[in-house]
file data.cif (mmCIF, C-alpha atoms and all ligand atoms)
data_entry
#
loop_
_atom_site.label_atom_id
_atom_site.label_comp_id
_atom_site.auth_asym_id
_atom_site.auth_seq_id
_atom_site.Cartn_x
_atom_site.Cartn_y
_atom_site.Cartn_z
CA MET A 226 123.24 103.94 82.23
CA ASN A 227 123.94 101.06 84.63
CA ALA A 228 123.28 97.48 83.52
CA LEU A 229 121.93 96.45 86.92
CA GLU A 230 120.75 98.43 89.93
CA ILE A 231 119.56 96.68 93.06
CA LYS A 232 118.22 99.04 95.70
CA ASP A 233 117.40 98.09 99.31
CA LEU A 234 116.57 94.50 98.45
CA SER A 235 115.49 92.18 101.24
CA MET A 236 114.21 88.62 101.01
CA ARG A 237 113.78 85.45 103.06
CA ALA A 238 114.23 81.75 102.44
CA GLY A 239 113.25 79.65 105.42
CA LEU A 240 115.14 81.05 108.41
CA PHE A 241 117.70 82.83 106.21
CA SER A 242 117.32 86.48 105.31
CA VAL A 243 119.09 88.73 102.81
CA GLY A 244 119.51 92.48 102.99
CA LYS A 245 118.88 95.28 102.91
CA LEU A 246 121.21 95.10 100.00
CA SER A 247 122.13 97.53 97.22
CA LEU A 248 124.41 96.82 94.28
CA THR A 249 125.19 98.51 90.97
CA ILE A 250 126.84 96.91 87.95
CA GLY A 251 127.94 99.16 85.10
CA GLU A 252 127.43 98.74 81.36
CA GLY A 253 129.69 95.91 80.09
CA GLU A 254 131.08 95.27 83.59
CA TYR A 255 132.12 91.79 84.71
CA PHE A 256 131.16 91.58 88.37
CA THR A 257 132.05 88.59 90.53
CA LEU A 258 130.12 87.72 93.68
CA MET A 259 132.05 85.77 96.30
CA GLY A 260 131.40 84.55 99.83
CA HIS A 261 131.33 81.46 102.00
CA THR A 262 128.86 78.72 101.25
CA GLY A 263 125.36 79.63 102.44
CA SER A 264 125.99 83.40 102.45
CA GLY A 265 123.06 84.13 100.10
CA LYS A 266 124.74 84.46 96.70
CA SER A 267 122.42 82.12 94.79
CA LEU A 268 119.36 83.67 96.41
CA LEU A 269 120.44 87.10 95.21
CA LEU A 270 120.95 85.82 91.66
CA LYS A 271 117.54 84.15 91.69
CA ALA A 272 115.95 87.40 92.84
CA VAL A 273 117.51 89.27 89.90
CA CYS A 274 116.27 86.57 87.49
CA GLY A 275 112.78 86.71 89.02
CA LEU A 276 112.99 83.12 90.29
CA ALA A 277 112.76 84.05 93.98
CA ARG A 278 110.34 86.43 95.66
CA ILE A 279 111.70 89.54 97.33
CA GLU A 280 110.11 91.38 100.26
CA THR A 281 111.35 94.91 99.68
CA GLY A 282 113.47 96.81 97.20
CA ARG A 283 113.63 97.47 93.48
CA ILE A 284 115.61 95.84 90.67
CA ARG A 285 116.40 97.79 87.51
CA ILE A 286 118.04 96.38 84.38
CA HIS A 287 119.34 99.00 81.96
CA GLY A 288 117.09 101.53 83.64
CA GLU A 289 113.90 99.47 83.38
CA ASP A 290 112.24 98.52 86.66
CA VAL A 291 111.85 94.72 86.37
CA THR A 292 110.88 94.05 89.99
CA GLU A 293 107.39 92.87 89.08
CA LEU A 294 108.25 91.28 85.73
CA GLU A 295 108.15 87.54 85.00
CA PRO A 296 111.62 86.01 84.45
CA ARG A 297 111.21 85.67 80.66
CA PHE A 298 110.56 89.40 80.27
CA ARG A 299 113.64 90.54 82.22
CA GLY A 300 116.21 90.02 79.46
CA VAL A 301 118.47 87.97 81.72
CA GLY A 302 120.54 85.00 80.56
CA TYR A 303 120.95 82.62 83.52
CA VAL A 304 123.30 79.66 83.92
CA PRO A 305 122.30 77.83 87.12
CA GLN A 306 124.75 75.94 89.34
CA ASP A 307 124.15 72.58 87.64
CA GLY A 308 123.92 74.02 84.10
CA GLY A 309 120.27 72.92 83.91
CA LEU A 310 120.67 71.25 80.49
CA PHE A 311 118.02 68.85 79.19
CA PRO A 312 119.79 65.46 78.95
CA HIS A 313 117.28 64.02 76.44
CA LEU A 314 117.81 66.84 73.90
CA SER A 315 120.78 67.34 71.54
CA VAL A 316 123.24 70.20 72.02
CA GLN A 317 121.49 72.30 69.38
CA ARG A 318 117.99 71.57 70.74
CA ASN A 319 119.21 72.73 74.14
CA ILE A 320 120.65 75.94 72.74
CA VAL A 321 117.58 76.90 70.67
CA PHE A 322 115.12 75.90 73.41
CA PRO A 323 114.50 79.41 74.84
CA LEU A 324 113.72 80.73 71.36
CA ILE A 325 111.38 77.83 70.50
CA VAL A 326 109.50 78.57 73.74
CA ARG A 327 109.12 82.15 72.51
CA GLY A 328 107.48 80.91 69.31
CA LEU A 329 110.32 80.78 66.75
CA SER A 330 110.55 77.82 64.36
CA PHE A 331 113.58 75.55 64.70
CA ASP A 332 115.17 77.02 61.55
CA GLN A 333 114.65 80.59 62.75
CA ALA A 334 116.07 79.72 66.16
CA ALA A 335 119.08 77.96 64.59
CA ALA A 336 119.79 81.03 62.43
CA GLU A 337 119.37 83.35 65.42
CA THR A 338 121.87 81.36 67.53
CA ALA A 339 124.43 80.69 64.76
CA GLU A 340 126.76 83.51 65.85
CA VAL A 341 126.82 82.43 69.49
CA VAL A 342 127.38 78.79 68.48
CA GLU A 343 130.23 79.82 66.21
CA THR A 344 131.79 82.17 68.78
CA LEU A 345 131.85 79.40 71.40
CA GLY A 346 133.21 76.83 68.92
CA LEU A 347 130.18 74.57 69.35
CA THR A 348 129.40 73.90 65.66
CA PRO A 349 131.00 70.40 65.65
CA LEU A 350 128.98 69.39 68.72
CA LEU A 351 125.50 70.48 67.59
CA ASP A 352 124.13 66.98 66.95
CA ARG A 353 125.77 65.38 69.98
CA ALA A 354 123.85 64.15 73.02
CA ILE A 355 124.42 66.01 76.29
CA ARG A 356 125.30 62.71 78.00
CA GLY A 357 128.64 62.23 76.24
CA LEU A 358 129.95 65.79 76.63
CA SER A 359 132.86 66.76 78.88
CA GLY A 360 132.24 69.14 81.79
CA GLY A 361 133.75 72.06 79.88
CA GLU A 362 131.67 71.33 76.79
CA ARG A 363 128.52 71.23 78.90
CA GLN A 364 129.37 74.59 80.41
CA LYS A 365 129.78 76.07 76.96
CA VAL A 366 126.39 74.68 75.88
CA ALA A 367 124.76 76.14 79.02
CA LEU A 368 126.41 79.47 78.26
CA ALA A 369 125.24 79.38 74.62
CA ARG A 370 121.69 78.67 75.77
CA ALA A 371 121.83 81.60 78.18
CA LEU A 372 123.05 83.84 75.34
CA ALA A 373 120.47 82.57 72.83
CA CYS A 374 117.90 85.26 73.63
CA ARG A 375 120.51 88.02 73.41
CA PRO A 376 120.18 88.95 77.08
CA ARG A 377 120.84 92.39 78.52
CA LEU A 378 122.50 90.82 81.55
CA LEU A 379 124.29 87.49 82.00
CA ILE A 380 124.06 85.68 85.32
CA LEU A 381 126.35 82.76 86.09
CA ASP A 382 126.03 80.71 89.29
CA GLU A 383 129.37 78.93 89.83
CA PRO A 384 129.47 77.74 86.24
CA LEU A 385 133.00 76.36 86.48
CA CYS A 386 133.00 74.63 89.86
CA SER A 387 133.12 71.10 88.43
CA LEU A 388 136.14 71.75 86.19
CA ASP A 389 139.84 71.16 86.84
CA GLU A 390 142.21 74.16 86.76
CA PRO A 391 143.28 74.02 83.07
CA ALA A 392 139.67 73.61 81.89
CA ARG A 393 138.55 76.37 84.23
CA TYR A 394 141.23 78.69 82.86
CA GLU A 395 140.26 77.89 79.27
CA ILE A 396 136.54 78.49 79.85
CA CYS A 397 137.26 81.68 81.82
CA THR A 398 139.27 82.96 78.87
CA GLU A 399 136.38 82.06 76.58
CA LEU A 400 133.88 83.72 78.93
CA CYS A 401 135.85 86.97 78.95
CA ARG A 402 136.10 86.91 75.16
CA VAL A 403 132.35 86.34 74.70
CA GLN A 404 131.48 88.90 77.37
CA LYS A 405 133.61 91.57 75.67
CA ARG A 406 132.41 90.51 72.19
CA PHE A 407 128.77 91.13 73.19
CA ASN A 408 129.62 93.92 75.69
CA LEU A 409 127.45 92.06 78.15
CA ALA A 410 127.27 93.02 81.82
CA THR A 411 127.86 89.85 83.80
CA LEU A 412 127.16 88.81 87.39
CA HIS A 413 129.17 85.71 88.20
CA VAL A 414 129.21 83.77 91.48
CA CYS A 415 132.47 81.98 92.10
CA HIS A 416 134.54 80.52 94.96
CA SER A 417 137.92 80.68 93.26
CA ARG A 418 140.19 83.67 93.83
CA ALA A 419 142.15 82.76 90.67
CA GLU A 420 138.93 82.75 88.65
CA ALA A 421 137.84 86.07 90.12
CA GLU A 422 141.25 87.61 89.40
CA GLN A 423 141.09 86.41 85.80
CA VAL A 424 137.63 87.70 84.88
CA SER A 425 136.51 90.49 87.22
CA ASP A 426 136.21 94.21 86.79
CA GLY A 427 134.49 94.47 90.16
CA VAL A 428 133.95 92.08 93.07
CA GLY A 429 131.40 91.85 95.89
CA VAL A 430 131.68 89.74 99.02
CA MET A 431 128.57 88.39 100.77
CA HIS A 432 128.41 87.25 104.36
CA GLY A 433 125.29 86.21 106.27
CA GLY A 434 122.95 87.66 103.64
CA GLN A 435 124.75 91.03 103.58
CA LEU A 436 127.00 92.51 100.93
CA ILE A 437 129.96 93.43 103.13
CA GLU A 438 132.46 94.60 100.48
CA THR A 439 132.34 95.82 96.89
CA GLY A 440 135.17 97.14 94.74
CA VAL A 441 138.28 96.05 92.89
CA LEU A 442 139.56 92.68 94.13
CA LYS A 443 143.15 93.88 94.63
CA GLU A 444 141.98 96.70 96.90
CA ILE A 445 139.62 94.45 98.85
CA LEU A 446 142.49 92.01 99.40
CA GLU A 447 144.83 94.79 100.55
CA GLU A 448 142.46 96.95 102.55
CA SER A 449 139.45 95.05 103.88
CA GLY A 450 139.17 95.04 107.64
CA HIS A 451 136.34 92.48 107.67
CA GLU A 452 137.28 89.27 109.42
CA ALA A 453 134.94 87.33 107.12
CA VAL A 454 136.79 88.69 104.05
CA GLN A 455 140.15 87.84 105.60
CA ARG A 456 138.95 84.30 106.30
CA LEU A 457 137.50 83.94 102.80
CA PHE A 458 140.79 84.86 101.17
CA ASN A 459 143.01 83.41 103.89
CA ILE A 460 144.61 86.80 104.57
CA ASN A 461 146.97 87.19 107.56
CA GLY A 462 146.93 83.45 108.15
CA ALA A 463 143.16 83.43 108.81
CA THR A 464 141.78 80.11 107.61
CA LEU A 465 138.43 79.01 106.26
N1 LIG A 501 114.03 77.42 99.57
C1 LIG A 501 114.73 77.53 100.69
N2 LIG A 501 114.19 77.21 101.88
C2 LIG A 501 114.91 77.33 103.03
N3 LIG A 501 116.16 77.81 103.08
C3 LIG A 501 116.75 78.15 101.90
C4 LIG A 501 116.08 78.04 100.65
N4 LIG A 501 116.90 78.47 99.67
C5 LIG A 501 118.05 78.82 100.29
N5 LIG A 501 117.96 78.62 101.62
C6 LIG A 501 119.01 78.87 102.62
O1 LIG A 501 119.50 80.21 102.42
C7 LIG A 501 120.89 80.25 102.69
C8 LIG A 501 121.61 80.89 101.51
O2 LIG A 501 121.51 80.01 100.37
P1 LIG A 501 122.25 80.29 99.00
O3 LIG A 501 121.92 79.14 98.11
O4 LIG A 501 121.90 81.65 98.52
O5 LIG A 501 123.78 80.25 99.44
P2 LIG A 501 125.09 80.46 98.56
O6 LIG A 501 125.84 81.60 99.12
O7 LIG A 501 124.72 80.51 97.12
O8 LIG A 501 125.87 79.10 98.89
P3 LIG A 501 126.79 78.16 97.95
O9 LIG A 501 128.06 78.94 97.75
O10 LIG A 501 127.01 76.95 98.81
O11 LIG A 501 126.04 77.87 96.70
C9 LIG A 501 121.33 78.83 102.97
O12 LIG A 501 121.43 78.66 104.37
C10 LIG A 501 120.21 77.98 102.41
O13 LIG A 501 120.06 76.76 103.12
#
call {"tool": "encode", "arguments": {"input": "data.cif", "output": "structure tokens"}}
result
Amino acid sequence: MNALEIKDLSMRAGLFSVGKLSLTIGEGEYFTLMGHTGSGKSLLLKAVCGLARIETGRIRIHGEDVTELEPRFRGVGYVPQDGGLFPHLSVQRNIVFPLIVRGLSFDQAAAETAEVVETLGLTPLLDRAIRGLSGGERQKVALARALACRPRLLILDEPLCSLDEPARYEICTELCRVQKRFNLATLHVCHSRAEAEQVSDGVGVMHGGQLIETGVLKEILEESGHEAVQRLFNINGATL
């Protein structure tokens, strides 16, 4: 069974429109969504999370039609572009937050998230304030919070854009490890070819609200005839 199936999705935001767009992500697959700024990547992620209204189409997660479901019932772990952490709460309070909202006590939520905290090496940081954390540490906390509810699908919107190359490489390695550990299908928006090469099983390229390429990155780089793809990856001297 596929982890995510998007069929004939269309949506609007102001003057911008997306679609009709179809995309399938397999069980345990790490799928990276790329494209120039303003091509509709974040809108698509928000539609899958249930945070943006769609006009047509269906969204299925592990076979269940979630098109009409509220975000909290979709089983999606979402890391937004800015991480979305609560600055006034400690690291641990941030991580357990989604479980507290669902009615668990703090102790239950702490026990439930212990494995994720341990896997991401966050135990020494649990009592720290968000304010003093490095960019990489914040990204790990945001990731732990997204994993807290044991999602069926992980969605990451440019989670590493504020990091320098070594930190990005380290977190990418960590991401891959966690993703494989939990066999979690992942949809990850990124702008970095190096990042996409490091983590992806499959890649999609968006342009003007359309998904213009999907497949293995190496083949897209070698074979795509789309000018927008060639510009995105600076192929044949085409520049951004
Ligand atoms: N609420 C909104 N109202 C009006 N226009 C919107 C709204 N949300 C998004 N848009 C427009 O839709 C287009 C696509 O936005 P989106 O955030 O999906 O781009 P993106 O591909 O994620 O870009 P980036 O890589 O810069 O994050 C943009 O032109 C944006 O200005």
call {"tool": "residues_near_ligand", "arguments": {"input": "data.cif", "ligand": "ligand LIG 501 (chain A)", "cutoff": "6 Å", "atoms": "only C-alpha atoms and all ligand atoms", "output": "list in words"}}
result
Ala238, Gly239, Phe241, His261, Thr262, Gly263, Ser264, Gly265, Lys266, Ser267 and Leu268 of chain A
call {"tool": "atom_distance", "arguments": {"input": "data.cif", "atom1": "atom CA of Pro391 of chain A", "atom2": "atom CA of Gln364 of chain A"}}
result
14.2 Å
call {"tool": "closest_residue", "arguments": {"input": "data.cif", "among": "A:Val430, A:Ala392, A:Leu378, A:Cys386", "to": "Glu362 of chain A", "atoms": "all atoms listed in the file"}}
result
A:Ala392
call {"tool": "residues_around", "arguments": {"input": "data.cif", "residues": "Arg375 of chain A", "least_positions_apart": "3", "cutoff": "8 Å", "atoms": "only C-alpha atoms", "output": "list in words"}}
result
Gly300, Gly302 and Leu372 of chain A
call {"tool": "residues_around", "arguments": {"input": "data.cif", "residues": "Asn227 of chain A", "least_positions_apart": "5", "cutoff": "10 Å", "atoms": "all atoms listed in the file", "output": "list in words"}}
result
Thr249, Ile250, Gly251, Glu252, Gly253, Glu254, Arg285, Ile286, His287, Gly288 and Ala410 of chain A
call {"tool": "atom_distance", "arguments": {"input": "data.cif", "atom1": "atom CA of Leu276 of chain A", "atom2": "atom CA of Pro296 of chain A"}}
result
6.7 Å
call {"tool": "decode", "arguments": {"input": "data.cif", "residues": "segment 303-413 of chain A", "atoms": "C-alpha atoms", "output": "short mmCIF file (atom, residue, chain, number, x, y, z; two decimals), in the first residue's frame"}}
result
data_model
loop_
_atom_site.label_atom_id
_atom_site.label_comp_id
_atom_site.auth_asym_id
_atom_site.auth_seq_id
_atom_site.Cartn_x
_atom_site.Cartn_y
_atom_site.Cartn_z
CA TYR A 303 4.59 18.44 10.03
CA VAL A 304 7.68 20.60 10.44
CA PRO A 305 6.88 24.05 9.01
CA GLN A 306 9.46 26.33 7.38
CA ASP A 307 10.23 28.23 10.60
CA GLY A 308 10.07 25.15 12.86
CA GLY A 309 7.05 26.65 14.65
CA LEU A 310 8.46 26.04 18.15
CA PHE A 311 6.95 27.78 21.17
CA PRO A 312 9.74 30.05 22.50
CA HIS A 313 8.23 30.31 26.00
CA LEU A 314 8.18 26.52 26.56
CA SER A 315 11.14 24.24 27.36
CA VAL A 316 12.44 21.70 24.84
CA GLN A 317 10.52 18.89 26.50
CA ARG A 318 7.28 20.90 26.79
CA ASN A 319 7.54 21.61 23.07
CA ILE A 320 8.05 17.95 22.22
CA VAL A 321 5.18 16.63 24.36
CA PHE A 322 2.80 19.43 23.34
CA PRO A 323 0.87 17.50 20.64
CA LEU A 324 0.23 14.66 23.08
CA ILE A 325 -0.89 16.99 25.90
CA VAL A 326 -3.36 18.54 23.44
CA ARG A 327 -4.70 15.04 22.81
CA GLY A 328 -5.36 14.60 26.54
CA LEU A 329 -2.29 12.74 27.85
CA SER A 330 -0.76 13.76 31.19
CA PHE A 331 2.75 15.21 31.12
CA ASP A 332 4.23 11.96 32.51
CA GLN A 333 2.40 9.83 29.94
CA ALA A 334 3.52 12.14 27.14
CA ALA A 335 7.12 12.12 28.39
CA ALA A 336 7.11 8.29 28.45
CA GLU A 337 5.53 8.15 24.99
CA THR A 338 8.20 10.44 23.49
CA ALA A 339 11.22 8.95 25.32
CA GLU A 340 12.32 6.82 22.35
CA VAL A 341 12.19 9.70 19.88
CA VAL A 342 14.04 11.98 22.32
CA GLU A 343 16.71 9.33 22.83
CA THR A 344 17.02 8.55 19.10
CA LEU A 345 17.59 12.23 18.30
CA GLY A 346 20.06 12.68 21.18
CA LEU A 347 17.91 15.34 22.83
CA THR A 348 17.93 13.99 26.42
CA PRO A 349 20.56 16.51 27.66
CA LEU A 350 18.55 19.42 26.24
CA LEU A 351 15.11 18.59 27.66
CA ASP A 352 15.06 21.34 30.31
CA ARG A 353 16.67 23.99 28.11
CA ALA A 354 14.83 27.04 26.79
CA ILE A 355 14.28 27.23 23.03
CA ARG A 356 15.92 30.67 22.97
CA GLY A 357 19.46 29.45 23.66
CA LEU A 358 19.47 26.52 21.21
CA SER A 359 21.54 26.41 18.02
CA GLY A 360 19.77 26.21 14.65
CA GLY A 361 20.51 22.50 14.35
CA GLU A 362 19.26 21.78 17.87
CA ARG A 363 16.04 23.65 17.12
CA GLN A 364 15.52 21.59 13.99
CA LYS A 365 15.93 18.40 15.98
CA VAL A 366 13.36 19.59 18.55
CA ALA A 367 10.91 20.46 15.75
CA LEU A 368 11.48 17.02 14.25
CA ALA A 369 10.96 15.31 17.63
CA ARG A 370 7.69 17.21 18.09
CA ALA A 371 6.52 16.14 14.64
CA LEU A 372 7.35 12.52 15.51
CA ALA A 373 5.72 12.66 18.96
CA CYS A 374 2.33 11.43 17.77
CA ARG A 375 3.91 8.56 15.82
CA PRO A 376 2.76 9.90 12.45
CA ARG A 377 2.05 7.78 9.39
CA LEU A 378 3.67 10.40 7.18
CA LEU A 379 6.35 13.00 7.90
CA ILE A 380 6.24 16.35 6.13
CA LEU A 381 9.21 18.70 6.24
CA ASP A 382 9.11 22.19 4.71
CA GLU A 383 12.73 23.28 4.14
CA PRO A 384 13.74 22.24 7.64
CA LEU A 385 17.45 22.80 7.06
CA CYS A 386 17.51 26.07 5.14
CA SER A 387 18.98 28.12 8.00
CA LEU A 388 21.92 25.77 8.62
CA ASP A 389 25.47 25.88 7.27
CA GLU A 390 26.72 22.95 5.16
CA PRO A 391 28.31 20.81 7.94
CA ALA A 392 25.24 21.19 10.18
CA ARG A 393 22.96 20.47 7.24
CA TYR A 394 24.92 17.32 6.44
CA GLU A 395 24.79 16.16 10.07
CA ILE A 396 21.04 16.73 10.41
CA CYS A 397 20.38 15.09 7.02
CA THR A 398 22.28 12.02 8.22
CA GLU A 399 20.21 12.06 11.40
CA LEU A 400 16.99 12.49 9.40
CA CYS A 401 17.77 9.49 7.22
CA ARG A 402 18.58 7.39 10.28
CA VAL A 403 15.33 8.33 12.05
CA GLN A 404 13.30 7.90 8.87
CA LYS A 405 14.67 4.39 8.33
CA ARG A 406 14.40 3.56 12.05
CA PHE A 407 10.66 4.31 12.02
CA ASN A 408 10.17 3.27 8.35
CA LEU A 409 8.39 6.55 7.89
CA ALA A 410 7.37 7.84 4.46
CA THR A 411 8.66 11.39 4.21
CA LEU A 412 7.81 14.35 1.98
CA HIS A 413 10.58 16.93 2.23
#
